[in-house]
$ cat work_29.cif   # mmCIF, C-alpha atoms
data_work
#
loop_
_atom_site.label_atom_id
_atom_site.label_comp_id
_atom_site.auth_asym_id
_atom_site.auth_seq_id
_atom_site.Cartn_x
_atom_site.Cartn_y
_atom_site.Cartn_z
CA MET A 22 99.35 76.58 85.08
CA LYS A 23 96.97 78.26 87.47
CA ASP A 24 93.81 79.98 86.33
CA VAL A 25 93.88 83.78 86.18
CA THR A 26 90.76 85.33 87.67
CA PRO A 27 89.31 88.57 86.25
CA GLU A 28 90.22 90.28 89.53
CA ALA A 29 93.86 89.14 89.35
CA ALA A 30 94.07 90.17 85.70
CA GLY A 31 92.71 93.60 86.57
CA ARG A 32 95.18 94.10 89.42
CA HIS A 33 98.04 93.01 87.20
CA LYS A 34 97.04 95.40 84.39
CA ALA A 35 96.74 98.34 86.78
CA LYS A 36 100.15 97.52 88.24
CA MET A 37 101.76 97.29 84.81
CA VAL A 38 100.16 100.59 83.70
CA ARG A 39 101.81 102.29 86.68
CA ARG A 40 105.09 100.49 86.01
CA LYS A 41 105.07 101.59 82.36
CA GLN A 42 104.53 105.20 83.38
CA VAL A 43 107.55 105.05 85.68
CA GLN A 44 109.71 103.32 83.07
CA ASP A 45 108.71 105.73 80.30
CA ALA A 46 109.48 108.73 82.52
CA GLU A 47 112.90 107.30 83.38
CA VAL A 48 113.75 106.57 79.75
CA ALA A 49 112.69 110.09 78.74
CA GLN A 50 115.27 111.54 81.14
CA LYS A 51 118.15 109.85 79.29
CA THR A 52 119.23 112.28 76.58
CA ILE A 53 123.00 111.73 76.20
CA GLU A 54 124.40 109.68 73.33
CA LYS A 55 128.15 109.02 73.44
CA GLY A 56 130.84 106.43 72.95
CA LEU A 57 131.28 104.34 76.07
CA LEU A 58 134.37 103.01 77.80
CA ILE A 59 133.30 99.60 79.10
CA VAL A 60 135.36 97.41 81.44
CA ASN A 61 134.62 93.71 81.97
CA THR A 62 136.65 92.43 84.91
CA GLY A 63 136.49 90.08 87.89
CA PRO A 64 137.43 86.45 88.62
CA GLY A 65 134.42 84.88 86.91
CA LYS A 66 134.18 83.44 83.41
CA GLY A 67 132.61 85.50 80.62
CA LYS A 68 134.53 88.77 80.33
CA SER A 69 135.73 88.30 76.76
CA THR A 70 132.57 86.41 75.86
CA ALA A 71 130.48 89.43 76.83
CA ALA A 72 132.71 91.71 74.77
CA PHE A 73 132.31 89.51 71.70
CA GLY A 74 128.56 89.47 72.24
CA LEU A 75 128.61 93.26 72.13
CA ALA A 76 130.69 93.04 68.95
CA LEU A 77 127.98 90.85 67.42
CA ARG A 78 125.34 93.40 68.37
CA MET A 79 127.37 96.20 66.78
CA LEU A 80 127.79 94.14 63.63
CA GLY A 81 124.03 93.63 63.53
CA HIS A 82 123.76 97.40 63.11
CA GLY A 83 126.30 97.42 60.29
CA ARG A 84 129.04 99.03 62.40
CA ARG A 85 132.67 98.03 61.95
CA VAL A 86 134.45 96.29 64.86
CA GLY A 87 138.15 96.14 65.69
CA ILE A 88 139.59 93.56 68.09
CA VAL A 89 143.08 93.48 69.61
CA GLN A 90 144.08 90.58 71.85
CA PHE A 91 146.90 91.53 74.21
CA ILE A 92 147.74 88.18 75.81
CA LYS A 93 145.90 85.49 73.89
CA GLY A 94 147.01 84.77 70.39
CA ALA A 95 148.45 81.33 69.78
CA ARG A 96 145.25 79.28 69.91
CA HIS A 97 142.58 79.23 67.20
CA THR A 98 139.23 80.29 68.67
CA GLY A 99 135.64 79.83 67.60
CA GLU A 100 134.78 83.48 68.22
CA LYS A 101 137.53 84.65 65.86
CA ALA A 102 136.37 82.30 63.12
CA ALA A 103 132.74 83.34 63.60
CA LEU A 104 133.36 87.09 63.66
CA GLU A 105 135.77 87.02 60.73
CA ALA A 106 132.90 85.57 58.68
CA PHE A 107 131.59 89.16 58.64
CA GLY A 108 134.43 90.05 56.28
CA ASP A 109 135.59 93.67 56.18
CA LEU A 110 133.27 94.63 59.03
CA VAL A 111 135.69 92.92 61.46
CA GLU A 112 139.42 93.52 61.86
CA TRP A 113 141.02 91.10 64.32
CA HIS A 114 144.60 91.14 65.61
CA SER A 115 145.78 88.44 68.03
CA MET A 116 149.03 89.99 69.17
CA GLY A 117 149.69 88.23 72.45
CA GLU A 118 152.21 85.44 72.84
CA GLY A 119 150.59 83.71 75.78
CA PHE A 120 150.56 84.35 79.50
CA THR A 121 153.76 85.41 81.24
CA TRP A 122 154.25 81.97 82.77
CA GLU A 123 154.27 80.54 79.25
CA THR A 124 156.68 82.99 77.59
CA GLN A 125 158.92 83.37 80.68
CA ASP A 126 160.47 86.38 78.94
CA LEU A 127 159.64 89.81 80.39
CA ALA A 128 161.19 91.86 77.57
CA ARG A 129 159.30 89.83 74.99
CA ASP A 130 156.01 90.29 76.87
CA ILE A 131 156.52 94.04 77.14
CA ALA A 132 157.37 94.32 73.45
CA ALA A 133 154.29 92.31 72.44
CA ALA A 134 152.05 94.50 74.61
CA GLY A 135 153.57 97.62 73.07
CA ARG A 136 152.86 96.38 69.56
CA ALA A 137 149.29 95.53 70.53
CA TRP A 138 148.77 98.97 72.09
CA ASP A 139 150.08 100.67 68.95
CA LYS A 140 147.52 98.69 66.94
CA ALA A 141 144.80 99.66 69.42
CA LEU A 142 145.69 103.35 69.10
CA ALA A 143 145.51 103.12 65.31
CA MET A 144 142.08 101.49 65.47
CA MET A 145 140.75 104.04 67.94
CA ALA A 146 141.91 106.83 65.63
CA ASP A 147 140.16 105.30 62.62
CA PRO A 148 136.62 106.71 62.26
CA ALA A 149 135.54 103.57 60.40
CA PHE A 150 135.33 101.64 63.68
CA GLY A 151 132.25 101.86 65.89
CA LEU A 152 133.62 99.49 68.53
CA VAL A 153 137.14 98.47 69.55
CA VAL A 154 137.61 95.48 71.86
CA LEU A 155 140.86 95.42 73.83
CA ASP A 156 140.87 91.84 75.03
CA GLU A 157 142.99 91.15 78.14
CA LEU A 158 144.37 94.70 78.24
CA ASN A 159 143.79 94.54 81.99
CA ILE A 160 146.35 91.74 82.22
CA ALA A 161 148.96 93.79 80.38
CA LEU A 162 148.30 96.68 82.76
CA ARG A 163 148.38 94.43 85.81
CA TYR A 164 151.91 93.27 84.95
CA ASP A 165 153.04 96.82 84.06
CA TYR A 166 153.73 95.93 80.43
CA LEU A 167 152.21 99.30 79.52
CA ASP A 168 152.15 102.71 81.19
CA LEU A 169 148.83 102.90 83.01
CA ASP A 170 148.52 106.70 82.95
CA ALA A 171 149.20 106.85 79.20
CA VAL A 172 146.66 104.11 78.48
CA VAL A 173 143.93 105.70 80.60
CA ALA A 174 144.61 109.12 79.07
CA ALA A 175 144.34 107.73 75.53
CA LEU A 176 141.13 105.87 76.32
CA ALA A 177 139.64 108.97 77.93
CA ALA A 178 140.62 111.07 74.89
CA ARG A 179 139.05 108.69 72.33
CA ARG A 180 136.71 110.25 69.81
CA GLU A 181 133.22 110.96 71.10
CA ASP A 182 131.35 108.30 69.12
CA LEU A 183 133.72 105.37 69.72
CA HIS A 184 132.81 102.52 72.07
CA VAL A 185 135.74 100.65 73.64
CA VAL A 186 135.59 97.46 75.70
CA VAL A 187 138.50 96.43 77.92
CA THR A 188 138.55 92.91 79.36
CA GLY A 189 140.61 90.99 81.88
CA ARG A 190 140.85 90.37 85.59
CA ASN A 191 142.11 92.89 88.13
CA ALA A 192 141.19 96.12 86.35
CA LYS A 193 143.26 98.97 87.73
CA PRO A 194 141.34 101.51 89.87
CA ALA A 195 142.31 104.37 87.53
CA LEU A 196 140.74 102.53 84.58
CA VAL A 197 137.62 101.73 86.59
CA GLU A 198 137.33 105.41 87.52
CA ALA A 199 137.64 106.49 83.87
CA ALA A 200 135.09 103.95 82.60
CA ASP A 201 131.42 104.61 81.90
CA LEU A 202 130.37 101.02 82.58
CA VAL A 203 132.16 98.44 84.72
CA THR A 204 130.94 94.89 85.15
CA GLU A 205 132.65 92.53 87.58
CA MET A 206 132.09 88.88 86.74
CA GLY A 207 131.76 86.96 90.00
CA LEU A 208 132.91 83.39 90.44
CA VAL A 209 130.31 81.17 92.10
CA LYS A 210 131.28 77.81 90.62
CA HIS A 211 133.69 76.76 87.86
CA HIS A 212 133.96 73.43 86.10
CA PHE A 213 137.78 73.63 86.06
CA ALA A 214 137.71 72.93 89.79
CA ALA A 215 136.11 69.56 89.04
CA GLY A 216 138.86 68.64 86.60
CA VAL A 217 137.03 69.59 83.40
CA LYS A 218 139.47 70.78 80.75
CA ALA A 219 139.09 73.75 78.40
CA GLN A 220 136.74 72.73 75.61
CA ALA A 221 136.13 73.94 72.07
CA GLY A 222 132.99 76.05 71.89
CA VAL A 223 133.08 76.88 75.60
CA GLU A 224 136.57 78.24 76.40
CA PHE A 225 137.88 78.81 72.87
#
$ encode --input "work_29.cif" --output "structure tokens"
Amino acid sequence: MKDVTPEAAGRHKAKMVRRKQVQDAEVAQKTIEKGLLIVNTGPGKGKSTAAFGLALRMLGHGRRVGIVQFIKGARHTGEKAALEAFGDLVEWHSMGEGFTWETQDLARDIAAAGRAWDKALAMMADPAFGLVVLDELNIALRYDYLDLDAVVAALAARREDLHVVVTGRNAKPALVEAADLVTEMGLVKHHFAAGVKAQAGVEF
């Protein structure tokens, strides 16, 4: 660790004083408080993980969280077990039956997505929830299991104080346009390419 001279310390303090003034002025300009429509998409790992992290933050403030999984459902996951430990503050519904290449039954996939969307609508209408996570909804929309226009319209018409997170690759442009916050997870390197299998505590 290098020594900090009085001159360097002085320059740093002056710089940080100016930086704080700029930051404080920018923060003061933000006056809107509203429920957000958040989309986590892209080819990289971490879309659902980020959504569950936000759920944990919401729970830390005593807000109730609802989770609907559109595609996943068969496998027990660590995040479900952990979040359900919060009791009545979390309501979790894994309503998917696996990816389309696993079910190999289009009518069954469409029916499962419809049931999951009905559950999502009920949660969004319930004022007890502060956050609703719609995990892998983007996949259901990508395969046209649900009507895109109807889904976007319902999300846009959600009550003003409700936060909703939608996850999954290949988010539709109409959903991206309707969202308040869109994060695209980029893929730089993935351990699957090196033959590493899905592992408890990392993938599920």
$ closest_residue --input "work_29.cif" --among "A:Thr70, A:Thr26, A:Arg180, A:Phe213" --to "A:Gly99" --atoms "all atoms listed in the file"
A:Thr70
$ resolve_selection --input "work_29.cif" --expression "the PyMOL selection byres ((chain A and resi 112) around 6)" --output "tab-separated table (two decimals) with C-alpha atoms, in the coordinates of the input"
chain	number	residue	atom	x	y	z
A	87	GLY	CA	138.15	96.14	65.69
A	111	VAL	CA	135.69	92.92	61.46
A	113	TRP	CA	141.02	91.10	64.32
$ atom_distance --input "work_29.cif" --atom1 "atom CA of A:Asp147" --atom2 "atom CA of A:His184"
12.3 Å
$ closest_residue --input "work_29.cif" --among "A:Phe73, A:Leu142, A:Gly207, A:Gly31" --to "A:Ala103" --atoms "only C-alpha atoms"
A:Phe73
$ atom_distance --input "work_29.cif" --atom1 "atom CA of A:Ala134" --atom2 "atom CA of A:Gly117"
7.0 Å
$ residues_around --input "work_29.cif" --residues "A:Val185" --least-positions-apart "2" --cutoff "12 Å" --atoms "all atoms listed in the file" --output "PyMOL selection string"
chain A and resi 55-61+72-73+75-76+79+86-89+141-142+144-146+150-156+158+173+175-183+187-188+199-203
$ atom_distance --input "work_29.cif" --atom1 "atom CA of A:Phe225" --atom2 "atom CA of A:Ala137"
20.4 Å
$ closest_residue --input "work_29.cif" --among "A:Gln220, A:Ala133, A:Asp45, A:Ala174" --to "A:Gln90" --atoms "all atoms listed in the file"
A:Ala133
$ resolve_selection --input "work_29.cif" --expression "the PyMOL selection byres ((chain A and resi 192) around 12)" --output "PyMOL selection string"
chain A and resi 59-64+68+157-164+169+173+187-191+193-200+203-206
$ closest_residue --input "work_29.cif" --among "A:Trp138, A:Leu77, A:Glu118, A:Asp126" --to "A:Leu104" --atoms "only C-alpha atoms"
A:Leu77
$ resolve_selection --input "work_29.cif" --expression "the PyMOL selection byres ((chain A and resi 224) around 12)" --output "VMD selection string"
chain A and resid 66 to 70 96 to 100 211 to 213 217 to 223 225
$ closest_residue --input "work_29.cif" --among "A:Ala35, A:Ala149, A:Arg40, A:Asp165" --to "A:Gly83" --atoms "all atoms listed in the file"
A:Ala149
$ axis_aligned_box --input "work_29.cif" --around "stretch 75-84 of chain A" --padding-each-side "4 Å" --output "JSON"
{"center_x": 127.2, "center_y": 94.9, "center_z": 66.2, "size_x": 14.9, "size_y": 16.2, "size_z": 19.8}
